[in-house]
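Trainee: Here you go, one structure.
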Amino acid sequence: MNTRYNFRENEIKWQQAWSEASVYKAEENSPKYYVLEMFPYPSGRLHMGHVRNYIIGDVIARYKRCCGYSVLHPMGWDAFGLPAENAAIQHKVHPQTWTLENVRLMKEEFESLGISYDWSREILSCSPDYYVHEQKIFLDFLKKGIAYRKESFVNWDPVEGTVLANEQVIDGKGWRSGAPIERRKLSQWFLKITDFAQELLDDLAQLDHWPEQVKTMQVNWIGRSEGARIQFPLLEREETLEVFTTRPDTIFGAAFIGISPDHPFIENLAKTIPALQTFIAECRAMGTSQKELDTAEKKGFNTGLFVRHPFLKDVKLPIYVANFVLMDYGTGIVFGCPAHDLRDYEFALKYTLPVLPVVKGPSDSPLPYEGEGILINSHFLNGLETQEAKKVAIEHLVKEKIGASEVTYKLRDWGVSRQRYWGCPIPIIHCSHCGIVPVPEDQLPVVLPQDVVFDQPGNPLDLHPTWKIVDCPQCNKPAERETDTFDTFIESSWYFARFCSPHALQPFEKDKAEFWMPVDQYIGGIEHAILHLLYSRFFTKALKACGYWTLSEPFKNLLTQGMVCHETYQDQTGSWLYPHEVEKQEGRFVKISDNTPITVGRSEKMSKSKFNVVPAAKIVEEYGADTARLFMLSDSPPERDFEWTEAGIEGSWRYINKLWRLVTSHLSEIKNIKREERPLQLTPNAIKIQKLTHKTLFHVTQDIERFHYNRYIARLREFSNSLEEFSPSNPSEWWALNEALHTLVLIVSPALPHLAEALWAELGHPPFIINQPWPKTEAEYLTEDKVTIAIQVNGKMRGAFEISPRLEEEEARALILDLPFVKPHVQDKVIKKFIYIQGKIANVVL
RNA sequence: GCCCGCUUGGUGGAAUGGUAGACACAACAGACUUAAAAUCUGUCGAUCGCAAGGUCGUGCCAGUUCGAGUCUGGCAGCGGGCACCA
């Protein structure tokens with residue numbers, strides 16, 4: 001008998017055996033269970049941050065397989081994206097070469113972890129086999145009116161002559177050039193997610209197995225608000241300005257009109273006012289991110305124009321261009337009511353505009369008062385409450401034909417054009433005669449050209465000498481291809497459907513997709529709570545609208561797992577260092593190569609950019625896949641952040657060996673015991689072990705189903721600790737131990753598949769344990785005769801007491817009041833209340 | 001700035017409103033060993049006490065309750081997202 005478990009030999013042996021037997025191949029049998037972890041961007045090598053995501057999914061996939069489900073558990077690569085282009089610029093390597101090499105390395109590492117993927121369904125999103133379908137879907141969206149073109153702003157780096165991602169804009173400057181970034185308008189493709197806003201909002205109610213916080217974030221993001229559209233006629237002009245407001249009740253407190261610098265009215269007006277042009281330029285001299293816009297100083301420009309108040313013919317309001325008014329929300333024009341809106345209030349102070357209170361709140365509420373109350377100074381609204389006043393105000397607007405109630409959403413349409421090479425080409429041809437012409441479906445895919453260079457700024461597709469030159473499919477005259485590519489969020493918005501029929505000639509086969517979908521359990525980082533999940537929900541609905549399927553929600557259950565964190569290290573030059581380049585000496589961290597001191601930064605999300613990653617390959621090499629898996633599961637619950645420590649992994653390795661010894665040391669005694677032949681008489685010790693076995697099984701099953709994996713592992717440890725202490729002395733006790741050990745091996749298998757497989761073989765069974773049914777809990781072994789309950793006096797713990805969990809209050813009361821640690825506190829005082837919860841607690845209230 | 005979370009020993013964490021600290025990690029002490037590794041045993045929130053035992057303790061301040069880590073309100077610190085990172 002080996003006292004050390006040989007993981008190297010075992011893990012490879014079983015991985016090969018599983019692969020040869022194709023045990024993870026998904027077959028379309030009911031009942032089905034679709035487990036999906038968010039597919040990774042192939043950034044290089046797998047680190048422990050990735051691993052956590054996949055192990056969490058693998059445990060549930062393996063468990064459900066044992067429970068008799070036909071499990072679909074696929075994996076693929078979200079392979080388009082910016083880092084490949086950055087690598088191309090930095091290391092002079094083609095994005096495709098770089099990406100495919102990363103995929104190769106990461107796949108090897110996946111395989112070494114023993115995850116139960118059906119690799120026959122692998123998806124590579126940068127392959128034309130995949131993106132051809134995306135181009136087809138886009139053309140269908142175009143037909144259906146879901147895709148359209150409009151102008152919008154991008155981050156423009158004037159030095160590089162390139163569009164930058166928000167990530168590449170640091171403190172308003174280009175990350176490479178350092179030049180101040182400006183917002184520039186481009187004509188781009190959009191998807192009409194706003195048409196689905198109400199459906200996206202309403203259907204959240206169906207998602208009762210999604211975390212509340214994720215649903216709340218999506219509700220806020222969609223941002224439905226009910227309000228009114230109100231027309232303000234311009235003085236001395238024939239035009240009117242249309243305003244959206246959620247507070248039509250405060251209309252009589254209006255002090256000014258605020259209009260977005262990007263509004264066509266203003267752009268038009270600026271043609272004759274140079275100072276306004278300067279102001280607009282100032283507003284655009286920053287990036288496009290919401291944070292930047294929100295935190296910028298609030299500024300206005302007085303146009304000198306006025307509108308008339310809609311209800312008060314002799315009141316005129318000045319029109320300001322205001323940098324905080326967004327063109328994308330409402331109508332791009334607001335009316336300012338300084339007394340009841342903080343931003344308007346600050347604006348009014350700055351430009352000395354009147355502040356007229358129109359809502360009376362609680363007596364001491366200072367201005368601005370944003371809450372509800374009774375209307376004052378408001379003519380026909382006086383005396384009404386806020387909600388009623390809104391209704392009455394809208395009635396008046398409608399009656400006078402100068403406005404109406406309206407619902408708006410914060411959600412904006414999804415801009416999908418990117419001025420980049422490494423993405424899916426947009427299948428469109430621009431013809432000077434025919435305009436925008438879709439590429440005919442029989443000419444798909446539009447394939448990315450390979451021969452591109454990255455030695456000049458701008459989009460390599462745009463600079464390519466021949467690729468974009470084509471004949472117009474309609475008039476055959478020379479035309480040009482669209483050189484923008486798709487946002488990479490598109491690939492991840494439908495890949496879950498592709499996995500259902502990954503080799504289909506259409507995007508997916510309807511019957512297969514409808515068999516497997518929705519994903520029963522989706523698992524990924526909380527950082528995707530809004531964008532990726534909302535886009536996927538939208539795609540599902542848009543595909544439904546185009547007749548692809550009848551599904552309306554893609555993910556039934558969602559688990560958002562926390563991040564794996566690690567300290568960051570920087571040497572004296574400020575360069576980031578990998579954890580393995582650093583060593584602790586006499587309480588201080590130094591660089592191993594030259595012993596110079598290291599600055600230790602706070603622990604944060606493992607990320608390649610800060611080098612604070614622990615490569616999965618290193619851990620698997622040193623300790624084996626099962627140890628890595630165990631450690632990822634044992635310490636933190638999946639939803640929480642996880643702190644990687646080298647010390648913890650050692651403890652997991654010790655436990656793997658402990659399990660190995662626990663089972664293998666008893667082999668000779670138990671090899672002839674038949675599990676199904678339960679002895680007629682069990683000794684009290686045998687009954688104890690039997691009860692413990694079933695209790696453990698019960699809790700472990702519940703813990704796995706609820707994703708309480710850390711408790712699952714803790715239960716396993718408690719169970720094996722008890723089994724270690726147990727020394728059987730007669731056949732019934734050996735029988736009980738044999739049953740316990742078999743159960744133990746079966747219930748560790750979702751977490752530690754290699755070890756479980758090895759132990760199953762040691763116990764004399766043929767492969768594979770991973771195909772064995774999950775053991776059943778028998779209720780008769782779960783009841784207890786005696787439990788320890790807590791005894792309190794006036795809510796304060798005074799002791800514990802062993803009692804039958806079914807004892808009635810009257811009997812219990814007599815026993816408890818007589819206890820030595822209760823009596824002195826009670827003495828002859830009057831007992832006001834006696835609280836007794838069977839099997840739980842008693843509280844004597846004096 | 002806006003939206004969403006999180007905060008419990010030296011550390012990770014456990015606890016259907018009912019004995020706070022399960023299960024581990026680290027540390028310390030000991031056993032085995034020529035020695036080391038491995039393994040095993042014990043101690044391990046703070047504080048008072050010779051002891052029995054007492055008092056305090058779940059970021060901070062209030063509240064609800066017989067009873068609050070758990071529910072409610074407020075505050076602080078940290079993290080995630082903010083539409084072109086994925």
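Just so we're on the same page: first chain in the structure tokens is A, next is B, and so on; residues restart at 1 for each chain, and ligands are numbered from 1 in the order they show up.
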Would you mind listing, for every residue of chain B within 6 Å of chain A, the two atoms forming the shortest contact and the distance between them in Å to one decimal, using only C-alpha atoms (C1' of nucleotides), sorted by chain and ascending residue number, as a Markdown table?
Mentor:
| residue | atom | partner | partner_atom | distance |
| --- | --- | --- | --- | --- |
| B:G1 | C1' | A:Asp294 | CA | 4.9 |
| B:C4 | C1' | A:Met217 | CA | 5.9 |
| B:G12 | C1' | A:Asp635 | CA | 5.6 |
| B:G18 | C1' | A:Ile841 | CA | 5.8 |
| B:U19 | C1' | A:Ala790 | CA | 5.1 |
| B:C23 | C1' | A:Ala714 | CA | 4.5 |
| B:C25 | C1' | A:Gly648 | CA | 5.6 |
| B:G67 | C1' | A:Gly795 | CA | 5.2 |
| B:G80 | C1' | A:Glu527 | CA | 6.0 |
| B:C84 | C1' | A:Ala165 | CA | 4.1 |
Trainee: Might you pull out every residue within 10 Å of B:G57, with only C-alpha atoms (C1' of nucleotides) counted and same-chain residues fewer than 2 positions away left off, and present them as a PDB file with all heavy atoms, in the first residue's frame?
Mentor:
ATOM      1  P     A B  20     -24.036  32.194  21.986  1.00  0.00           P
ATOM      2  OP1   A B  20     -23.110  32.574  23.075  1.00  0.00           O
ATOM      3  OP2   A B  20     -25.348  32.807  21.862  1.00  0.00           O
ATOM      4  O5'   A B  20     -23.322  32.386  20.587  1.00  0.00           O
ATOM      5  C5'   A B  20     -22.007  31.945  20.446  1.00  0.00           C
ATOM      6  C4'   A B  20     -21.712  31.779  18.980  1.00  0.00           C
ATOM      7  O4'   A B  20     -21.803  33.072  18.335  1.00  0.00           O
ATOM      8  C3'   A B  20     -20.303  31.297  18.713  1.00  0.00           C
ATOM      9  O3'   A B  20     -20.306  29.885  18.707  1.00  0.00           O
ATOM     10  C2'   A B  20     -20.027  31.876  17.339  1.00  0.00           C
ATOM     11  O2'   A B  20     -20.610  31.088  16.322  1.00  0.00           O
ATOM     12  C1'   A B  20     -20.770  33.215  17.401  1.00  0.00           C
ATOM     13  N9    A B  20     -19.960  34.356  17.814  1.00  0.00           N
ATOM     14  C8    A B  20     -19.988  35.023  19.006  1.00  0.00           C
ATOM     15  N7    A B  20     -19.181  36.040  19.069  1.00  0.00           N
ATOM     16  C5    A B  20     -18.571  36.055  17.824  1.00  0.00           C
ATOM     17  C6    A B  20     -17.592  36.889  17.250  1.00  0.00           C
ATOM     18  N6    A B  20     -17.076  37.941  17.874  1.00  0.00           N
ATOM     19  N1    A B  20     -17.200  36.604  15.987  1.00  0.00           N
ATOM     20  C2    A B  20     -17.740  35.554  15.360  1.00  0.00           C
ATOM     21  N3    A B  20     -18.663  34.704  15.794  1.00  0.00           N
ATOM     22  C4    A B  20     -19.037  35.010  17.043  1.00  0.00           C
ATOM     23  P     G B  45      -9.380  31.111  20.925  1.00  0.00           P
ATOM     24  OP1   G B  45     -10.121  30.804  22.163  1.00  0.00           O
ATOM     25  OP2   G B  45      -9.601  30.317  19.692  1.00  0.00           O
ATOM     26  O5'   G B  45      -9.606  32.649  20.606  1.00  0.00           O
ATOM     27  C5'   G B  45      -8.976  33.221  19.477  1.00  0.00           C
ATOM     28  C4'   G B  45      -9.279  34.685  19.453  1.00  0.00           C
ATOM     29  O4'   G B  45     -10.708  34.869  19.289  1.00  0.00           O
ATOM     30  C3'   G B  45      -8.960  35.423  20.757  1.00  0.00           C
ATOM     31  O3'   G B  45      -7.598  35.787  20.815  1.00  0.00           O
ATOM     32  C2'   G B  45      -9.890  36.629  20.652  1.00  0.00           C
ATOM     33  O2'   G B  45      -9.374  37.594  19.751  1.00  0.00           O
ATOM     34  C1'   G B  45     -11.135  35.991  20.036  1.00  0.00           C
ATOM     35  N9    G B  45     -12.100  35.547  21.045  1.00  0.00           N
ATOM     36  C8    G B  45     -12.467  34.267  21.351  1.00  0.00           C
ATOM     37  N7    G B  45     -13.359  34.193  22.296  1.00  0.00           N
ATOM     38  C5    G B  45     -13.600  35.509  22.647  1.00  0.00           C
ATOM     39  C6    G B  45     -14.465  36.068  23.612  1.00  0.00           C
ATOM     40  O6    G B  45     -15.228  35.486  24.387  1.00  0.00           O
ATOM     41  N1    G B  45     -14.388  37.456  23.637  1.00  0.00           N
ATOM     42  C2    G B  45     -13.574  38.214  22.833  1.00  0.00           C
ATOM     43  N2    G B  45     -13.635  39.520  23.006  1.00  0.00           N
ATOM     44  N3    G B  45     -12.754  37.700  21.921  1.00  0.00           N
ATOM     45  C4    G B  45     -12.824  36.355  21.885  1.00  0.00           C
ATOM     46  P     A B  46      -6.926  35.937  22.248  1.00  0.00           P
ATOM     47  OP1   A B  46      -5.483  36.174  21.985  1.00  0.00           O
ATOM     48  OP2   A B  46      -7.351  34.827  23.136  1.00  0.00           O
ATOM     49  O5'   A B  46      -7.578  37.275  22.820  1.00  0.00           O
ATOM     50  C5'   A B  46      -7.250  38.547  22.255  1.00  0.00           C
ATOM     51  C4'   A B  46      -8.010  39.621  22.988  1.00  0.00           C
ATOM     52  O4'   A B  46      -9.432  39.356  22.869  1.00  0.00           O
ATOM     53  C3'   A B  46      -7.770  39.651  24.500  1.00  0.00           C
ATOM     54  O3'   A B  46      -6.596  40.353  24.839  1.00  0.00           O
ATOM     55  C2'   A B  46      -9.034  40.369  24.983  1.00  0.00           C
ATOM     56  O2'   A B  46      -8.975  41.759  24.750  1.00  0.00           O
ATOM     57  C1'   A B  46     -10.087  39.743  24.067  1.00  0.00           C
ATOM     58  N9    A B  46     -10.729  38.570  24.665  1.00  0.00           N
ATOM     59  C8    A B  46     -10.506  37.243  24.398  1.00  0.00           C
ATOM     60  N7    A B  46     -11.268  36.416  25.088  1.00  0.00           N
ATOM     61  C5    A B  46     -12.039  37.265  25.868  1.00  0.00           C
ATOM     62  C6    A B  46     -13.044  37.018  26.822  1.00  0.00           C
ATOM     63  N6    A B  46     -13.462  35.793  27.162  1.00  0.00           N
ATOM     64  N1    A B  46     -13.613  38.085  27.422  1.00  0.00           N
ATOM     65  C2    A B  46     -13.190  39.313  27.089  1.00  0.00           C
ATOM     66  N3    A B  46     -12.259  39.673  26.203  1.00  0.00           N
ATOM     67  C4    A B  46     -11.722  38.592  25.623  1.00  0.00           C
TER      68        A B  46
END
Trainee: For A:Cys126, list every protein, DNA or RNA residue within 10 Å, evaluated using only C-alpha atoms (C1' of nucleotides), and leave out those in the same chain fewer than 6 positions away; present the list as a PyMOL selection string.
Mentor: chain A and resi 77-81+96+99-100+132+422-424+448+488+491
Trainee: Which distance in Å separates atom C1' of B:A22 and atom CA of A:Trp735, to one decimal?
Mentor: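 Value for the atom C1' of B:A22-atom CA of A:Trp735 distance: 28.5 Å.
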Trainee: Can you list, as JSON, numbers by chain, all residues belonging to stretch 462-664 of chain A that DSSP tags as alpha helix (DSSP H)?
Mentor: {"A": [462, 463, 495, 496, 497, 498, 510, 511, 512, 513, 514, 515, 516, 531, 532, 533, 534, 535, 536, 537, 538, 539, 540, 541, 542, 543, 544, 545, 616, 617, 618, 619, 620, 621, 622, 623, 625, 626, 627, 628, 629, 630, 631, 632, 633, 634, 646, 647, 648, 649, 650, 651, 652, 653, 654, 655, 656, 657, 658, 659, 660, 661, 662, 663, 664]}
Trainee: Env of B:U64: 12 Å cut, atoms = only C-alpha atoms (C1' of nucleotides), seq-sep filter 3 positions within chain, self excluded. Answer as number ranges by chain.
Mentor: B: 17, 67-68, 71-73
Trainee: Got time to write the residues from that selection, N, CA, C and O atoms (P, O5', C5', C4', C3', O3' and C1' of nucleotides), as a short mmCIF file (atom, residue, chain, number, x, y, z; two decimals), in the first residue's frame?
Mentor:
data_model
loop_
_atom_site.label_atom_id
_atom_site.label_comp_id
_atom_site.auth_asym_id
_atom_site.auth_seq_id
_atom_site.Cartn_x
_atom_site.Cartn_y
_atom_site.Cartn_z
P G B 17 -32.94 33.03 8.60
"O5'" G B 17 -32.63 33.29 10.12
"C5'" G B 17 -33.09 34.48 10.70
"C4'" G B 17 -32.71 34.45 12.16
"C3'" G B 17 -33.35 33.32 12.95
"O3'" G B 17 -32.46 32.92 13.99
"C1'" G B 17 -33.89 35.38 13.92
P G B 67 -35.44 41.19 23.89
"O5'" G B 67 -34.52 40.08 23.20
"C5'" G B 67 -33.43 39.53 23.94
"C4'" G B 67 -32.77 38.43 23.17
"C3'" G B 67 -32.28 38.81 21.78
"O3'" G B 67 -31.03 39.45 21.86
"C1'" G B 67 -33.45 36.76 21.68
P A B 68 -30.62 40.52 20.80
"O5'" A B 68 -30.56 39.72 19.42
"C5'" A B 68 -29.59 38.71 19.18
"C4'" A B 68 -28.93 38.93 17.85
"C3'" A B 68 -28.10 40.21 17.74
"O3'" A B 68 -27.01 39.98 16.87
"C1'" A B 68 -29.83 40.28 16.16
P C B 71 -30.12 40.43 7.15
"O5'" C B 71 -31.47 41.02 7.78
"C5'" C B 71 -32.74 40.53 7.37
"C4'" C B 71 -33.82 41.35 8.01
"C3'" C B 71 -33.62 42.86 7.93
"O3'" C B 71 -34.05 43.38 6.69
"C1'" C B 71 -34.23 42.28 10.12
P U B 72 -33.28 44.58 6.00
"O5'" U B 72 -34.01 45.91 6.46
"C5'" U B 72 -35.37 45.96 6.87
"C4'" U B 72 -35.61 47.24 7.63
"C3'" U B 72 -34.65 48.39 7.35
"O3'" U B 72 -35.01 49.11 6.19
"C1'" U B 72 -34.89 48.14 9.68
P G B 73 -33.87 49.87 5.36
"O5'" G B 73 -33.56 51.16 6.26
"C5'" G B 73 -34.53 52.18 6.39
"C4'" G B 73 -34.02 53.23 7.36
"C3'" G B 73 -32.65 53.79 7.04
"O3'" G B 73 -32.69 54.79 6.04
"C1'" G B 73 -32.75 53.25 9.34
#
Trainee: Show me, as a ChimeraX atom specification, the residues that have an atom within 12 Å of A:Trp774 when counting only C-alpha atoms (C1' of nucleotides), minus same-chain residues fewer than 4 positions from it.
Mentor: /A:62-69,697-698,700-701,742-750,769-770
Trainee: Would you mind exporting the chosen residues as a PDB file, in the first residue's frame, restricted to N, CA, C and O atoms?
Mentor:
ATOM      1  N   ARG A  62     -20.777  17.419 -13.033  1.00  0.00           N
ATOM      2  CA  ARG A  62     -20.523  16.032 -12.642  1.00  0.00           C
ATOM      3  C   ARG A  62     -21.623  15.516 -11.706  1.00  0.00           C
ATOM      4  O   ARG A  62     -22.071  14.379 -11.809  1.00  0.00           O
ATOM      5  N   TYR A  63     -22.029  16.375 -10.791  1.00  0.00           N
ATOM      6  CA  TYR A  63     -23.080  15.977  -9.854  1.00  0.00           C
ATOM      7  C   TYR A  63     -24.376  15.674 -10.600  1.00  0.00           C
ATOM      8  O   TYR A  63     -25.023  14.659 -10.350  1.00  0.00           O
ATOM      9  N   LYS A  64     -24.751  16.545 -11.532  1.00  0.00           N
ATOM     10  CA  LYS A  64     -26.005  16.342 -12.269  1.00  0.00           C
ATOM     11  C   LYS A  64     -25.929  15.086 -13.136  1.00  0.00           C
ATOM     12  O   LYS A  64     -26.925  14.395 -13.314  1.00  0.00           O
ATOM     13  N   ARG A  65     -24.731  14.806 -13.660  1.00  0.00           N
ATOM     14  CA  ARG A  65     -24.563  13.581 -14.444  1.00  0.00           C
ATOM     15  C   ARG A  65     -24.840  12.371 -13.555  1.00  0.00           C
ATOM     16  O   ARG A  65     -25.552  11.444 -13.942  1.00  0.00           O
ATOM     17  N   CYS A  66     -24.299  12.413 -12.332  1.00  0.00           N
ATOM     18  CA  CYS A  66     -24.527  11.312 -11.385  1.00  0.00           C
ATOM     19  C   CYS A  66     -26.015  11.183 -11.041  1.00  0.00           C
ATOM     20  O   CYS A  66     -26.498  10.102 -10.736  1.00  0.00           O
ATOM     21  N   CYS A  67     -26.725  12.320 -11.061  1.00  0.00           N
ATOM     22  CA  CYS A  67     -28.148  12.295 -10.726  1.00  0.00           C
ATOM     23  C   CYS A  67     -28.994  11.842 -11.909  1.00  0.00           C
ATOM     24  O   CYS A  67     -30.222  11.896 -11.838  1.00  0.00           O
ATOM     25  N   GLY A  68     -28.361  11.462 -13.003  1.00  0.00           N
ATOM     26  CA  GLY A  68     -29.113  10.886 -14.111  1.00  0.00           C
ATOM     27  C   GLY A  68     -29.471  11.848 -15.224  1.00  0.00           C
ATOM     28  O   GLY A  68     -30.200  11.492 -16.143  1.00  0.00           O
ATOM     29  N   TYR A  69     -28.953  13.074 -15.148  1.00  0.00           N
ATOM     30  CA  TYR A  69     -29.253  14.019 -16.224  1.00  0.00           C
ATOM     31  C   TYR A  69     -28.345  13.772 -17.421  1.00  0.00           C
ATOM     32  O   TYR A  69     -27.209  13.304 -17.274  1.00  0.00           O
ATOM     33  N   LEU A 697     -24.309  12.627   3.750  1.00  0.00           N
ATOM     34  CA  LEU A 697     -24.839  12.566   2.391  1.00  0.00           C
ATOM     35  C   LEU A 697     -25.948  13.598   2.187  1.00  0.00           C
ATOM     36  O   LEU A 697     -25.982  14.318   1.181  1.00  0.00           O
ATOM     37  N   PHE A 698     -26.829  13.674   3.177  1.00  0.00           N
ATOM     38  CA  PHE A 698     -27.933  14.621   3.093  1.00  0.00           C
ATOM     39  C   PHE A 698     -27.431  16.059   2.959  1.00  0.00           C
ATOM     40  O   PHE A 698     -27.841  16.804   2.077  1.00  0.00           O
ATOM     41  N   VAL A 700     -24.336  17.142   2.210  1.00  0.00           N
ATOM     42  CA  VAL A 700     -23.472  17.337   1.044  1.00  0.00           C
ATOM     43  C   VAL A 700     -24.328  17.564  -0.205  1.00  0.00           C
ATOM     44  O   VAL A 700     -24.064  18.468  -1.002  1.00  0.00           O
ATOM     45  N   THR A 701     -25.367  16.771  -0.347  1.00  0.00           N
ATOM     46  CA  THR A 701     -26.253  16.902  -1.510  1.00  0.00           C
ATOM     47  C   THR A 701     -26.878  18.297  -1.539  1.00  0.00           C
ATOM     48  O   THR A 701     -26.874  18.978  -2.559  1.00  0.00           O
ATOM     49  N   HIS A 742     -17.482   3.782   0.858  1.00  0.00           N
ATOM     50  CA  HIS A 742     -18.041   3.840  -0.491  1.00  0.00           C
ATOM     51  C   HIS A 742     -18.769   5.164  -0.723  1.00  0.00           C
ATOM     52  O   HIS A 742     -18.608   5.813  -1.752  1.00  0.00           O
ATOM     53  N   THR A 743     -19.567   5.544   0.270  1.00  0.00           N
ATOM     54  CA  THR A 743     -20.297   6.812   0.155  1.00  0.00           C
ATOM     55  C   THR A 743     -19.320   7.973   0.043  1.00  0.00           C
ATOM     56  O   THR A 743     -19.477   8.861  -0.801  1.00  0.00           O
ATOM     57  N   LEU A 744     -18.284   7.932   0.876  1.00  0.00           N
ATOM     58  CA  LEU A 744     -17.290   8.999   0.856  1.00  0.00           C
ATOM     59  C   LEU A 744     -16.680   9.145  -0.536  1.00  0.00           C
ATOM     60  O   LEU A 744     -16.600  10.250  -1.078  1.00  0.00           O
ATOM     61  N   VAL A 745     -16.275   8.041  -1.125  1.00  0.00           N
ATOM     62  CA  VAL A 745     -15.625   8.098  -2.437  1.00  0.00           C
ATOM     63  C   VAL A 745     -16.602   8.624  -3.487  1.00  0.00           C
ATOM     64  O   VAL A 745     -16.242   9.439  -4.340  1.00  0.00           O
ATOM     65  N   LEU A 746     -17.841   8.190  -3.390  1.00  0.00           N
ATOM     66  CA  LEU A 746     -18.837   8.670  -4.360  1.00  0.00           C
ATOM     67  C   LEU A 746     -19.089  10.173  -4.219  1.00  0.00           C
ATOM     68  O   LEU A 746     -19.201  10.879  -5.218  1.00  0.00           O
ATOM     69  N   ILE A 747     -19.168  10.643  -2.980  1.00  0.00           N
ATOM     70  CA  ILE A 747     -19.522  12.064  -2.827  1.00  0.00           C
ATOM     71  C   ILE A 747     -18.334  13.007  -2.980  1.00  0.00           C
ATOM     72  O   ILE A 747     -18.540  14.207  -3.135  1.00  0.00           O
ATOM     73  N   VAL A 748     -17.104  12.481  -2.967  1.00  0.00           N
ATOM     74  CA  VAL A 748     -15.989  13.396  -3.288  1.00  0.00           C
ATOM     75  C   VAL A 748     -15.817  13.504  -4.800  1.00  0.00           C
ATOM     76  O   VAL A 748     -15.125  14.399  -5.282  1.00  0.00           O
ATOM     77  N   SER A 749     -16.431  12.605  -5.558  1.00  0.00           N
ATOM     78  CA  SER A 749     -16.091  12.535  -6.980  1.00  0.00           C
ATOM     79  C   SER A 749     -16.385  13.799  -7.802  1.00  0.00           C
ATOM     80  O   SER A 749     -15.611  14.099  -8.697  1.00  0.00           O
ATOM     81  N   PRO A 750     -17.439  14.567  -7.529  1.00  0.00           N
ATOM     82  CA  PRO A 750     -17.592  15.785  -8.328  1.00  0.00           C
ATOM     83  C   PRO A 750     -16.441  16.771  -8.120  1.00  0.00           C
ATOM     84  O   PRO A 750     -16.053  17.475  -9.047  1.00  0.00           O
ATOM     85  N   ILE A 769     -16.361   5.589 -11.914  1.00  0.00           N
ATOM     86  CA  ILE A 769     -17.166   6.099 -10.805  1.00  0.00           C
ATOM     87  C   ILE A 769     -18.012   7.279 -11.257  1.00  0.00           C
ATOM     88  O   ILE A 769     -19.098   7.512 -10.727  1.00  0.00           O
ATOM     89  N   ILE A 770     -17.503   8.012 -12.251  1.00  0.00           N
ATOM     90  CA  ILE A 770     -18.241   9.203 -12.688  1.00  0.00           C
ATOM     91  C   ILE A 770     -19.556   8.839 -13.362  1.00  0.00           C
ATOM     92  O   ILE A 770     -20.393   9.696 -13.597  1.00  0.00           O
TER      93      ILE A 770
END
Trainee: What does the distance between atom CA of A:Leu367 and atom CA of A:Leu305 come to in Å, to one decimal place?
Mentor: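 Atom CA of A:Leu305 lies at a distance of 27.6 Å from atom CA of A:Leu367.
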Trainee: What gap, in Å, lies between atom CA of A:Phe555 and atom CA of A:Glu134?
Mentor: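 Distance reported for this atom pair: 20.1 Å.
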Trainee: Could you pull the residues within 9 Å of A:Pro357, counting only C-alpha atoms (C1' of nucleotides), minus those fewer than 2 positions along the same chain, as a ChimeraX atom specification?
Mentor: /A:250,252-253,337-340,355,359-360,367-369,375-377
Trainee: Just the selected residues (C-alpha atoms), exported as a short mmCIF file (atom, residue, chain, number, x, y, z; two decimals), in the first residue's frame, please.
Mentor:
data_model
loop_
_atom_site.label_atom_id
_atom_site.label_comp_id
_atom_site.auth_asym_id
_atom_site.auth_seq_id
_atom_site.Cartn_x
_atom_site.Cartn_y
_atom_site.Cartn_z
CA THR A 250 -42.74 71.23 -10.87
CA PHE A 252 -44.18 76.30 -12.35
CA GLY A 253 -40.76 76.24 -10.71
CA CYS A 337 -36.28 73.58 -11.60
CA PRO A 338 -33.63 74.78 -9.13
CA ALA A 339 -35.75 74.43 -5.99
CA HIS A 340 -36.28 70.70 -6.46
CA VAL A 355 -35.11 79.61 -7.21
CA VAL A 359 -43.30 71.74 -3.53
CA LYS A 360 -43.77 72.05 0.22
CA LEU A 367 -33.59 73.57 -0.67
CA PRO A 368 -33.21 71.90 -3.01
CA TYR A 369 -35.97 69.57 -1.87
CA LEU A 375 -47.75 71.97 -4.46
CA ILE A 376 -47.48 75.74 -3.85
CA ASN A 377 -46.90 78.75 -6.12
#
Trainee: I need the residue nearest A:Leu559 from this list: A:Gly287, A:Gly624, A:Pro638, A:Gly223. Use only C-alpha atoms for the distance.
Mentor: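 The shortest atom-to-atom distance to A:Leu559 comes from A:Pro638.
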Trainee: Which polymer residues have any atom within 10 Å of an atom of A:Cys283, counting only C-alpha atoms (C1' of nucleotides), with same-chain residues fewer than 3 positions away left out, as a list in words?
Mentor: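 Surrounding residues, per the criterion: Glu182, Arg183, Ser260, Pro261, Asp262, Gln277, Thr278, Phe279, Ile280, Met286, Gly287, Leu293, Ala296, Lys299, Gly300, Ala322, Asn323 and Phe324 of chain A.
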Trainee: Please report, as a ChimeraX atom specification, each residue of stretch 14-255 of chain A to which DSSP assigns strand (DSSP E) when run on this structure's backbone.
Mentor: /A:32-37,70-72,76-77,123-124,147-157,162-164,169-170,173-174,182-191,225-233,240-245
